[in-house]
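Take a look at the structure set out below.
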Amino acid sequence: MSARRNPMEPQRLGHALETLGAWVLALLWILPLAYAFWTAFHPPEFATRFDPLAPLSLQNFVNAWNAAPFASYFVNTIILVTMILAAQLVLCTLAAYAFARYAFFGRDVLFMLVLVQLMIMPDVLIVENYRTMAALDLTDTITAIGLPYMASAFGIFLMRQTFKTVPKELDEAARVEGASALQVLLKVYVPLARPVYVAFGLVSVSYHWNNFLWPLIVTNSVGSRPLTVGLQVFSSTDQGIDWSIITAATLMTSAPLLIAFLLFQRQFVQSFMRAGIR
Amino acid sequence: MHRFSVHIHGWLLVLPAAVLLAAFTHYPAVATLLHSFYSTPKAARPAVWVGLDNYRAMIEDPVFWQVLGNNLWFALGTIPASIALAMLMAMWVNGKLHGRAFLRLAYFTPTILPMIAVANIWLFFYTPTYGLLEQLTVDLLGLPSHNWLGTPSTVLACLIVVTIWKEAGFFMIFYLAALQAIPPALAEAAAIEGAGRWTYFRRVVFPLLMPTTLFVLVNAVINSFRLVDHIIVMTRGGPDNASSLLLYYIYDVAFKFWDSSYASTLTIVLLAILASAAIMQFAFLEKRTHYQ
Amino acid sequence: MLTRAIQQTAALAAATLIAGSAAAQGVEISFYYPVAVGGPITKIVDGLAADFEKDNPGIKVKPIYSGTYQESVVKALTAHKAGEPPVISVLLSTDMYTLIDEGAVIDWSSVANSADDKAWMKSFYPAFMENSETGGKVWGIPFQRSTIVLYWNKEAFKDAGIDPDRPPQSWKELIDYAQKLTKRDASGNVSQWGIQVPSSGFPYWLFQAFTTQNDVVLMNKDGTKTSYDDPKVIEALQFWVDLSRKYKVMPPGIIEWGTTPKDFFERKIAMMWTTTGNLTNVRNNAKFDFGVAMLSSGKRRGTPTGGGNFYLFNKSTPQQQAAALKFVKWVTSPERAAQWGIQTGYVATRPDAWSTPEMKKYAAEFPAAAVARDQLQYAVAELSTHDNQRVTKVLNDGLQAALTGAKTPEQAMKDAQREAERLLRSYQRR
């Protein structure tokens, strides 16, 4: 197949202008991250001065690591996003299967109620959810951070949409061979929805890795605090802002996601494509 | 399948998710409504029924109106701009420009960084005199110095910029996926018909992107009410509530002033706004999604 | 319910194990501590906890670092409402009324009963006790207290032809010096401002310096009335506003607290008002000779006190309370108060701390450290009322409105007073 030129692509001058525009925007967009790199790797005197001959230094990272228990924060965050994702995958799959293939009593009403959560997220119900957590005696635990998010309306919606596109013939063929409902789910539906799971997983992990307000309210101690809250507690100060140490801490905490994205860029985009999230 | 077991099995499958949703979405929403009709319990005084008193107080609260106005301006400022920018970015990244991989990376990076972290960096950008923005406008261009975050007329715009920066890349990915699903034959057909680039975009691409746009719109609306992390770091709602948003005000009232019933009242307003936005958008969205 | 039952069983099992071992009684006291980056404070606090545990086996001290003062009081009250408060917390002295109204704390005077204890409670500077007592009871024990001080860049003074060792003594001199120090280029851009008084976050604190120097107080002793619209208060606000609008020696708009020290190090400002708690920070980062002085006198000298006290939360057991008392007495002993002051830059909270050998030596080497202490005689209580956060916020909003020119000082203060009266009405009926 020859690569025919898309007639709707700009030619020469238009192409050059667009490339320039795109690059200027990209450089603007990456500026904060670039600044973070600059400030984190240079001594504090150069946080606001961009002297190209300035000496490099790793001291900021050392200071940042020592100033707060980032190791604990990392562990907490990893446990948190894993817990949430695992629960979401299970709960949303089951629920979506029911919505897609079972005409049970009250299904449509229930589905509408589920969709409510798409707009009214737990984030805006902080006051009441905090009360609930207190009543359940779960405050200051990682579970408390994750619980409101484990039944994800977005996940259910996505899975239902995907399951509905699975041809009924496959379903019936599996049943003819004696498979139970759950086995059909596991052997037929889930494998076909893999790209959607990947896309959803990526969205879920990055959302919960970076979530701040609810974890701030519900956690108090190092044992349950995730990275975002740790970062804020660490950088808010009565004694003045020290950008060198804040950017060093920022880079440390964002590194996993950044590196993962760098390595898996294409897969990231492709999974969104295949998921047909349109 | 036995008809009865369809219902039982259906409900069993849905039950775990439904319980959690009820506990953390539906129940709190209803409880919020209930609590807005009571006074705030304190150590010496338990809660009493006060009917619409909290709502009356809210209507008389000038800060509430300011915060509501701010949030609507904020939504207006961030939603169209980030969607338009996302579409533009997606088209650039989808096209044959040099260094697409770098562009894609640059546009998407803000999404991965936690807002809490980047807010501090933006604080530096906006700092008067030696902040990055001032170094450009004052030192390089000779314009007068400006206290961007410390002036009520510019502070909200500054936060809008930060939000657009954070959001556009995320929406770009959705548009990218949608663009790559458009068959190239369409472009050729349009060219044969003599259509220019702008016409092609307006009559072919844009309508095909509608489902994505609606999906992205839902997200953008939610985010414009949900994201307050940058306020916490950069302005704390100041100066004089010029940069305070509804959810931030709710957080202040609930967890700084400990006035839980007023916080519930404010939350009802927020829920009402989100619900009406939802109804308007889902009427659209459900119509456009096809199933087999 | 089940979790509670499991927890209680586990606690019982643990308690039995401990009781089974030799005489020691296992008590744990957790305490919320507002940490600030800019010094190895967490290491110091951890060190204090470890030292105390060595001297007192059987008591474990667990510091929980909880962000700024504002964030810490939120966390402490949140924890209290969830039924899991800490035993003690270091929180703002001004949070006293709020904590009492929420039923979260008990007064130290009820656990500190012995004659020795009573003497200990009387050993702190009176200025610091003003925000720590009400209704005849002691609710907070001063720990890390501060005042506002003036820092000035001696090199900048020399450049401007001012005696580098003489800070401005009066409001008039303040304006005079600031005008000489403000460097403007031909197009009107300022490369160095004369004076900077931050106004973000909690401008009321800085404002109290102006009002005290203008010989007026903002609230009554019971925390039930404010006087935001007193003509002398409006006058003080006018002076603050004039610094940027009329005399043009201070940047316009709202000035960020967090970046003010940095502005000073970058030589963008020649003088700044900030907490004495920044002393170590300035000492480490200012690459020029600097001075520290009391604030200039208006009708009189003055500054609010600031900083945190130890509070005792009321869901603690009697053993925890006894252990907490022991810890707080230990950590506020003259030697440790001195040590704390030296390491952090906060004012050592009791007179006898200043007579310890280490402190005398330190003050001799570094006179700047004693400035805040000397200023204590002119210090007044920090603004603190019932429903404190809100009553303070209406003042903050008003101050910011005046400083940005959105309202005149008179209008801003009148509006603030009206709001404050509305909020405090229910507390005046008592």
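As shown in the structure tokens, the chain order sets the letters A, B, ...; within each chain, residues go from 1, and ligands are also counted from 1 in the order they appear.
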Please tabulate, as JSON lines, the residues of chain C that come within 8 Å of chain B, each with its closest pair of atoms and the distance in Å to one decimal, counting only C-alpha atoms and ordering rows by chain, then residue number upward.
```
{"residue": "C:Val74", "atom": "CA", "partner": "B:Phe255", "partner_atom": "CA", "distance": 6.0}
{"residue": "C:Thr78", "atom": "CA", "partner": "B:Phe255", "partner_atom": "CA", "distance": 7.5}
{"residue": "C:Asp101", "atom": "CA", "partner": "B:Ala43", "partner_atom": "CA", "distance": 6.3}
{"residue": "C:Glu102", "atom": "CA", "partner": "B:Ala43", "partner_atom": "CA", "distance": 5.1}
{"residue": "C:Gly103", "atom": "CA", "partner": "B:Ala43", "partner_atom": "CA", "distance": 5.2}
{"residue": "C:Gly188", "atom": "CA", "partner": "B:Pro144", "partner_atom": "CA", "distance": 7.8}
{"residue": "C:Asn189", "atom": "CA", "partner": "B:Pro144", "partner_atom": "CA", "distance": 6.3}
{"residue": "C:Ser191", "atom": "CA", "partner": "B:Thr129", "partner_atom": "CA", "distance": 7.8}
{"residue": "C:Ser200", "atom": "CA", "partner": "B:Pro239", "partner_atom": "CA", "distance": 7.3}
{"residue": "C:Gly201", "atom": "CA", "partner": "B:Arg236", "partner_atom": "CA", "distance": 6.8}
{"residue": "C:Pro252", "atom": "CA", "partner": "B:Asn147", "partner_atom": "CA", "distance": 7.2}
{"residue": "C:Gly253", "atom": "CA", "partner": "B:Gly150", "partner_atom": "CA", "distance": 5.1}
{"residue": "C:Ile254", "atom": "CA", "partner": "B:Gly150", "partner_atom": "CA", "distance": 4.2}
{"residue": "C:Ile255", "atom": "CA", "partner": "B:Gly150", "partner_atom": "CA", "distance": 6.4}
{"residue": "C:Glu256", "atom": "CA", "partner": "B:Gly150", "partner_atom": "CA", "distance": 7.7}
{"residue": "C:Thr259", "atom": "CA", "partner": "B:Thr127", "partner_atom": "CA", "distance": 7.9}
{"residue": "C:Lys268", "atom": "CA", "partner": "B:Thr129", "partner_atom": "CA", "distance": 7.6}
{"residue": "C:Asp387", "atom": "CA", "partner": "B:Phe257", "partner_atom": "CA", "distance": 7.0}
{"residue": "C:Gln389", "atom": "CA", "partner": "B:Phe257", "partner_atom": "CA", "distance": 5.9}
{"residue": "C:Arg390", "atom": "CA", "partner": "B:Phe257", "partner_atom": "CA", "distance": 6.1}
{"residue": "C:Asn396", "atom": "CA", "partner": "B:Asp240", "partner_atom": "CA", "distance": 7.4}
{"residue": "C:Asp397", "atom": "CA", "partner": "B:Asp240", "partner_atom": "CA", "distance": 4.4}
{"residue": "C:Gly398", "atom": "CA", "partner": "B:Asp240", "partner_atom": "CA", "distance": 7.0}
{"residue": "C:Gln400", "atom": "CA", "partner": "B:Asp240", "partner_atom": "CA", "distance": 5.5}
{"residue": "C:Ala401", "atom": "CA", "partner": "B:Asp240", "partner_atom": "CA", "distance": 5.8}
{"residue": "C:Thr404", "atom": "CA", "partner": "B:Thr151", "partner_atom": "CA", "distance": 6.4}
```
Between chain A and chain C, at 10 Å or less, what are the per-residue closest atom pairs and their distances in Å? Count only C-alpha atoms, order by chain and rising residue number, and return it as CSV.
```
residue,atom,partner,partner_atom,distance
A:Pro44,CA,C:Asn285,CA,8.9
A:Glu45,CA,C:Asn285,CA,8.6
A:Thr48,CA,C:Glu266,CA,8.8
A:Arg49,CA,C:Glu266,CA,9.8
A:Asn63,CA,C:Pro40,CA,9.5
A:Ala64,CA,C:Val37,CA,9.7
A:Asn66,CA,C:Lys43,CA,9.4
A:Ala67,CA,C:Thr42,CA,7.5
A:Ala68,CA,C:Thr42,CA,8.6
A:Tyr130,CA,C:Ala82,CA,8.7
A:Arg131,CA,C:Ala82,CA,7.8
A:Thr132,CA,C:Ala82,CA,9.7
A:Met133,CA,C:Ala82,CA,8.2
A:Ala134,CA,C:Ala82,CA,4.8
A:Ala135,CA,C:Ala82,CA,7.4
A:Leu136,CA,C:Met1,CA,7.6
A:Asp137,CA,C:Thr3,CA,7.3
A:Leu138,CA,C:Thr3,CA,8.7
A:Thr139,CA,C:Ala82,CA,7.1
A:Asp140,CA,C:Ala79,CA,8.7
A:Leu216,CA,C:Lys75,CA,9.1
A:Ile217,CA,C:Lys75,CA,7.7
A:Val218,CA,C:Thr78,CA,8.5
A:Thr219,CA,C:Lys75,CA,8.5
A:Asn220,CA,C:Lys75,CA,6.4
A:Ser221,CA,C:Ile64,CA,6.3
A:Val222,CA,C:Ile64,CA,7.6
A:Val229,CA,C:Gly67,CA,9.6
A:Gly230,CA,C:Gly67,CA,9.1
A:Leu231,CA,C:Gly67,CA,9.9
A:Gln232,CA,C:Gly67,CA,7.7
A:Val233,CA,C:Gly67,CA,4.3
A:Phe234,CA,C:Gly67,CA,6.7
A:Ser235,CA,C:Val37,CA,6.7
A:Ser236,CA,C:Thr68,CA,6.3
A:Thr237,CA,C:Ala36,CA,4.7
A:Asp238,CA,C:Ala36,CA,5.8
A:Gln239,CA,C:Asn278,CA,5.7
A:Gly240,CA,C:Gly258,CA,3.9
A:Ile241,CA,C:Gly258,CA,5.1
A:Asp242,CA,C:Gly38,CA,7.4
A:Trp243,CA,C:Lys262,CA,9.8
A:Ile245,CA,C:Val37,CA,9.0
A:Ile246,CA,C:Val37,CA,9.5
```
Go ahead and save the residues from that selection, with N, CA and C atoms, as a short mmCIF file (atom, residue, chain, number, x, y, z; two decimals), in the first residue's frame.
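selection.cif written:
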```cif
data_model
loop_
_atom_site.label_atom_id
_atom_site.label_comp_id
_atom_site.auth_asym_id
_atom_site.auth_seq_id
_atom_site.Cartn_x
_atom_site.Cartn_y
_atom_site.Cartn_z
N PRO A 44 19.91 26.07 45.42
CA PRO A 44 18.81 27.01 45.61
C PRO A 44 19.05 28.41 45.05
N GLU A 45 20.31 28.84 44.99
CA GLU A 45 20.55 30.20 44.48
C GLU A 45 20.11 30.33 43.04
N THR A 48 15.85 30.88 40.66
CA THR A 48 15.18 31.91 39.88
C THR A 48 16.10 32.53 38.84
N ARG A 49 17.31 32.02 38.78
CA ARG A 49 18.29 32.59 37.85
C ARG A 49 18.68 31.50 36.87
N ASN A 63 17.89 16.19 50.28
CA ASN A 63 17.11 16.93 51.28
C ASN A 63 15.64 16.54 51.25
N ALA A 64 15.10 16.45 50.02
CA ALA A 64 13.68 16.13 49.90
C ALA A 64 13.40 14.74 50.46
N ASN A 66 14.98 13.12 52.68
CA ASN A 66 15.10 13.09 54.13
C ASN A 66 14.03 13.88 54.86
N ALA A 67 13.43 14.82 54.17
CA ALA A 67 12.52 15.72 54.88
C ALA A 67 11.15 15.12 55.12
N ALA A 68 10.81 14.09 54.38
CA ALA A 68 9.49 13.48 54.58
C ALA A 68 9.57 12.01 54.20
N TYR A 130 -17.22 12.00 54.53
CA TYR A 130 -16.35 11.99 55.68
C TYR A 130 -17.09 11.50 56.91
N ARG A 131 -18.35 11.95 57.03
CA ARG A 131 -19.15 11.50 58.17
C ARG A 131 -19.33 9.98 58.15
N THR A 132 -19.59 9.47 56.92
CA THR A 132 -19.78 8.02 56.80
C THR A 132 -18.52 7.27 57.22
N MET A 133 -17.38 7.75 56.76
CA MET A 133 -16.13 7.08 57.11
C MET A 133 -15.90 7.11 58.61
N ALA A 134 -16.24 8.23 59.22
CA ALA A 134 -16.07 8.32 60.67
C ALA A 134 -16.97 7.31 61.36
N ALA A 135 -18.20 7.20 60.86
CA ALA A 135 -19.14 6.25 61.48
C ALA A 135 -18.67 4.82 61.30
N LEU A 136 -18.04 4.53 60.17
CA LEU A 136 -17.54 3.18 59.93
C LEU A 136 -16.20 2.96 60.61
N ASP A 137 -15.70 4.00 61.26
CA ASP A 137 -14.43 3.89 61.97
C ASP A 137 -13.28 3.61 61.02
N LEU A 138 -13.39 4.16 59.81
CA LEU A 138 -12.37 3.86 58.82
C LEU A 138 -11.47 5.05 58.50
N THR A 139 -11.65 6.15 59.23
CA THR A 139 -10.83 7.31 58.86
C THR A 139 -9.36 7.00 59.03
N ASP A 140 -8.57 7.68 58.23
CA ASP A 140 -7.12 7.53 58.28
C ASP A 140 -6.67 6.13 57.85
N LEU A 216 -6.78 14.17 51.28
CA LEU A 216 -6.35 15.16 52.28
C LEU A 216 -7.27 15.15 53.48
N ILE A 217 -8.57 15.08 53.20
CA ILE A 217 -9.54 15.15 54.28
C ILE A 217 -9.54 13.88 55.10
N VAL A 218 -9.41 12.75 54.42
CA VAL A 218 -9.67 11.52 55.12
C VAL A 218 -8.44 10.90 55.79
N THR A 219 -7.24 11.38 55.44
CA THR A 219 -6.05 10.80 56.08
C THR A 219 -5.41 11.80 57.03
N ASN A 220 -4.79 11.28 58.06
CA ASN A 220 -4.11 12.15 59.01
C ASN A 220 -2.65 11.80 59.19
N SER A 221 -2.32 10.55 59.02
CA SER A 221 -0.97 10.14 59.41
C SER A 221 -0.22 9.53 58.25
N VAL A 222 1.06 9.36 58.48
CA VAL A 222 1.95 8.87 57.44
C VAL A 222 1.55 7.48 56.98
N VAL A 229 -0.86 14.13 49.02
CA VAL A 229 -1.03 14.79 50.31
C VAL A 229 0.32 14.99 50.97
N GLY A 230 1.18 13.97 50.86
CA GLY A 230 2.51 14.10 51.43
C GLY A 230 3.26 15.27 50.84
N LEU A 231 3.09 15.44 49.53
CA LEU A 231 3.76 16.53 48.85
C LEU A 231 3.26 17.87 49.36
N GLN A 232 1.97 17.97 49.57
CA GLN A 232 1.40 19.23 50.00
C GLN A 232 1.80 19.55 51.44
N VAL A 233 1.70 18.57 52.29
CA VAL A 233 2.07 18.78 53.68
C VAL A 233 3.53 19.21 53.77
N PHE A 234 4.31 18.63 52.91
CA PHE A 234 5.74 18.87 52.92
C PHE A 234 6.09 20.23 52.36
N SER A 235 5.33 20.69 51.40
CA SER A 235 5.73 21.93 50.74
C SER A 235 5.00 23.15 51.25
N SER A 236 3.92 22.97 51.96
CA SER A 236 3.26 24.15 52.51
C SER A 236 4.07 24.60 53.70
N THR A 237 4.29 25.88 53.81
CA THR A 237 5.27 26.26 54.79
C THR A 237 4.97 27.63 55.38
N ASP A 238 5.31 27.78 56.64
CA ASP A 238 5.21 29.10 57.26
C ASP A 238 6.50 29.85 57.12
N GLN A 239 7.52 29.16 56.65
CA GLN A 239 8.82 29.80 56.61
C GLN A 239 9.25 30.15 55.20
N GLY A 240 8.35 30.12 54.27
CA GLY A 240 8.74 30.54 52.93
C GLY A 240 8.94 29.36 52.00
N ILE A 241 8.73 29.63 50.74
CA ILE A 241 8.78 28.57 49.73
C ILE A 241 10.20 28.32 49.28
N ASP A 242 10.57 27.07 49.22
CA ASP A 242 11.89 26.70 48.74
C ASP A 242 11.68 25.85 47.49
N TRP A 243 11.74 26.48 46.31
CA TRP A 243 11.39 25.77 45.09
C TRP A 243 12.33 24.61 44.78
N ILE A 245 13.62 22.42 46.74
CA ILE A 245 13.29 21.17 47.38
C ILE A 245 11.89 20.69 46.95
N ILE A 246 11.01 21.63 46.67
CA ILE A 246 9.68 21.24 46.22
C ILE A 246 9.76 20.57 44.85
#
```
Please provide as a ChimeraX atom specification all residues within 9 Å of His208 (chain A), with the sequence filter that same-chain residues fewer than 4 positions apart are discarded (counting only C-alpha atoms). /A:77,80-81,84,146,203-204,212
Which residues of chain A come within 7 Å of chain B, and for each one, what is the closest pair of atoms and their distance in Å to one decimal, counting only C-alpha atoms, sorted by chain and residue number, as CSV?
```
residue,atom,partner,partner_atom,distance
A:Asn6,CA,B:Ala187,CA,6.8
A:Pro7,CA,B:Glu188,CA,6.2
A:Met8,CA,B:Arg197,CA,5.6
A:Thr19,CA,B:Leu97,CA,5.8
A:Ala22,CA,B:Trp92,CA,6.7
A:Trp23,CA,B:Leu103,CA,6.9
A:Ala26,CA,B:Ala106,CA,5.3
A:Trp29,CA,B:Ala106,CA,6.1
A:Ile30,CA,B:Ala106,CA,5.3
A:Pro32,CA,B:Ile121,CA,6.3
A:Thr48,CA,B:Tyr130,CA,6.7
A:Leu91,CA,B:Ala17,CA,5.5
A:Cys92,CA,B:Ala17,CA,6.9
A:Leu94,CA,B:Leu13,CA,5.2
A:Ala95,CA,B:Val14,CA,4.3
A:Ala98,CA,B:Gly10,CA,5.1
A:Tyr102,CA,B:Gly10,CA,5.7
A:Phe104,CA,B:His7,CA,4.4
A:Phe105,CA,B:His7,CA,6.0
A:Gln117,CA,B:Thr25,CA,6.4
A:Met119,CA,B:Leu274,CA,6.0
A:Ile120,CA,B:Leu274,CA,6.6
A:Met121,CA,B:Thr25,CA,7.0
A:Pro122,CA,B:Thr25,CA,6.1
A:Asp123,CA,B:Arg226,CA,6.8
A:Val124,CA,B:Arg226,CA,6.7
A:Leu125,CA,B:Pro28,CA,6.5
A:Val127,CA,B:Ala254,CA,6.8
A:Glu128,CA,B:Pro28,CA,5.3
A:Asn129,CA,B:Pro28,CA,6.3
A:Pro148,CA,B:Phe24,CA,5.3
A:Ala151,CA,B:Ala17,CA,4.9
A:Lys164,CA,B:Tyr291,CA,6.6
A:Thr165,CA,B:Gln292,CA,5.9
A:Ser206,CA,B:Ile112,CA,6.5
A:Asn210,CA,B:Pro114,CA,4.7
A:Phe212,CA,B:Asp229,CA,6.9
A:Leu213,CA,B:Asp229,CA,6.9
A:Thr228,CA,B:Ile116,CA,6.6
A:Gln232,CA,B:Ile116,CA,6.5
A:Thr250,CA,B:Ala117,CA,5.6
A:Ser254,CA,B:Leu113,CA,6.0
A:Leu257,CA,B:Ile112,CA,6.4
A:Leu258,CA,B:Ile112,CA,6.8
A:Val269,CA,B:Ile173,CA,6.5
A:Phe272,CA,B:Ala177,CA,6.1
A:Met273,CA,B:Ala177,CA,4.3
A:Ile277,CA,B:Phe174,CA,7.0
A:Arg278,CA,B:Thr212,CA,4.6
```
So how many Å separate CA of Phe268 (chain A) and CA of Ala153 (chain A), to one decimal?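 Interatomic distance here is 21.8 Å.
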Record the distance separating CA of Gly302 (chain C) and CA of Ala381 (chain C), expressed in Å with one decimal.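 Interatomic distance, CA of Gly302 (chain C) to CA of Ala381 (chain C): 10.6 Å.
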From the set C:Lys329, C:Gly135, C:Lys248, C:Leu206, which residue has the shortest atom-to-atom contact distance to Lys118 (chain C), counting only C-alpha atoms?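 Distance minimum relative to Lys118 (chain C) lands on C:Lys329.
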I want to know what sits within 12 Å of Trp108 (chain C), based on only C-alpha atoms, with residues of the same chain fewer than 3 positions away left out; could you give that as a PyMOL selection string? chain C and resi 88+105+111-114+117-118+120-121+132-134+136-142+309-314+321-322+324-326+328-329
Just the residues within 10 Å of Tyr55 (chain B), please, counting only C-alpha atoms, with nothing from its chain fewer than 6 positions along; format it as a CSV table (one decimal) with C-alpha atoms, in the first residue's frame.
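Output saved as around-v4.csv:
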```
chain,number,residue,atom,x,y,z
B,36,SER,CA,-29.1,21.4,54.9
B,37,PHE,CA,-32.4,21.8,56.8
B,61,ASP,CA,-24.0,35.6,51.8
B,262,TYR,CA,-24.1,25.5,55.8
B,265,THR,CA,-26.5,23.8,51.8
B,266,LEU,CA,-23.7,24.9,49.5
B,268,ILE,CA,-26.8,21.1,47.3
B,269,VAL,CA,-26.3,24.1,45.0
```
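Excluding region 34-39 of chain A itself and any same-chain residue fewer than 5 positions from it, the protein and nucleic acid residues within 7 Å of it, counting only C-alpha atoms, are A:Phe46, A:Ala47, A:Trp243, A:Ser244, A:Thr247.
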Select from region 208-283 of chain C everything DSSP, run on the backbone, classes as strand (DSSP E), then give the selection as a VMD selection string. chain C and resid 269 to 275
Since we have the selection now, will you write its residues out, keeping C-alpha atoms, as a PDB file, in the first residue's frame?
```
ATOM      1  CA  ILE C 269      13.235  44.204  48.786  1.00  0.00           C
ATOM      2  CA  ALA C 270      15.431  45.993  51.256  1.00  0.00           C
ATOM      3  CA  MET C 271      13.316  45.551  54.370  1.00  0.00           C
ATOM      4  CA  MET C 272      10.714  42.985  55.283  1.00  0.00           C
ATOM      5  CA  TRP C 273       8.316  42.194  58.104  1.00  0.00           C
ATOM      6  CA  THR C 274       8.024  38.531  58.892  1.00  0.00           C
ATOM      7  CA  THR C 275       8.116  36.138  61.809  1.00  0.00           C
TER       8      THR C 275
END
```
Would you please work out which residue, of C:Ala323, C:Met359, C:Val216, C:Leu424, is nearest to Val61 (chain C) when using only C-alpha atoms?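 Closest to Val61 (chain C) of all the choices is C:Ala323.
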With only C-alpha atoms as the counted atoms, please give the residues lying no more than 12 Å from Asp55 (chain C), apart from itself and same-chain residues fewer than 5 positions off, as number ranges by chain. C: 48-50, 60-61, 326-327, 330-331
For the residues in that selection, give me N, CA and C atoms as a compact mmCIF listing (two decimals), in the first residue's frame.
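Generated output (again20.txt):
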```txt
# COMPACT_ATOMS: atom_id res chain seq x y z
N LEU C 48 13.68 15.30 70.16
CA LEU C 48 13.09 15.57 71.48
C LEU C 48 12.28 14.37 71.96
N ALA C 49 11.49 13.81 71.04
CA ALA C 49 10.68 12.66 71.41
C ALA C 49 11.57 11.51 71.89
N ALA C 50 12.63 11.26 71.14
CA ALA C 50 13.51 10.15 71.50
C ALA C 50 14.18 10.40 72.85
N LYS C 60 5.60 6.39 75.18
CA LYS C 60 6.02 6.59 73.79
C LYS C 60 5.42 7.91 73.28
N VAL C 61 6.27 8.68 72.64
CA VAL C 61 5.81 9.95 72.09
C VAL C 61 5.81 9.85 70.58
N LYS C 326 3.69 15.30 81.74
CA LYS C 326 5.13 15.07 81.98
C LYS C 326 5.93 15.53 80.78
N PHE C 327 5.48 15.14 79.58
CA PHE C 327 6.21 15.47 78.37
C PHE C 327 6.26 16.98 78.16
N TRP C 330 8.52 18.66 80.50
CA TRP C 330 9.91 18.35 80.16
C TRP C 330 10.38 19.19 78.98
N VAL C 331 9.50 19.31 77.97
CA VAL C 331 9.93 19.98 76.75
C VAL C 331 9.93 21.50 76.91
```
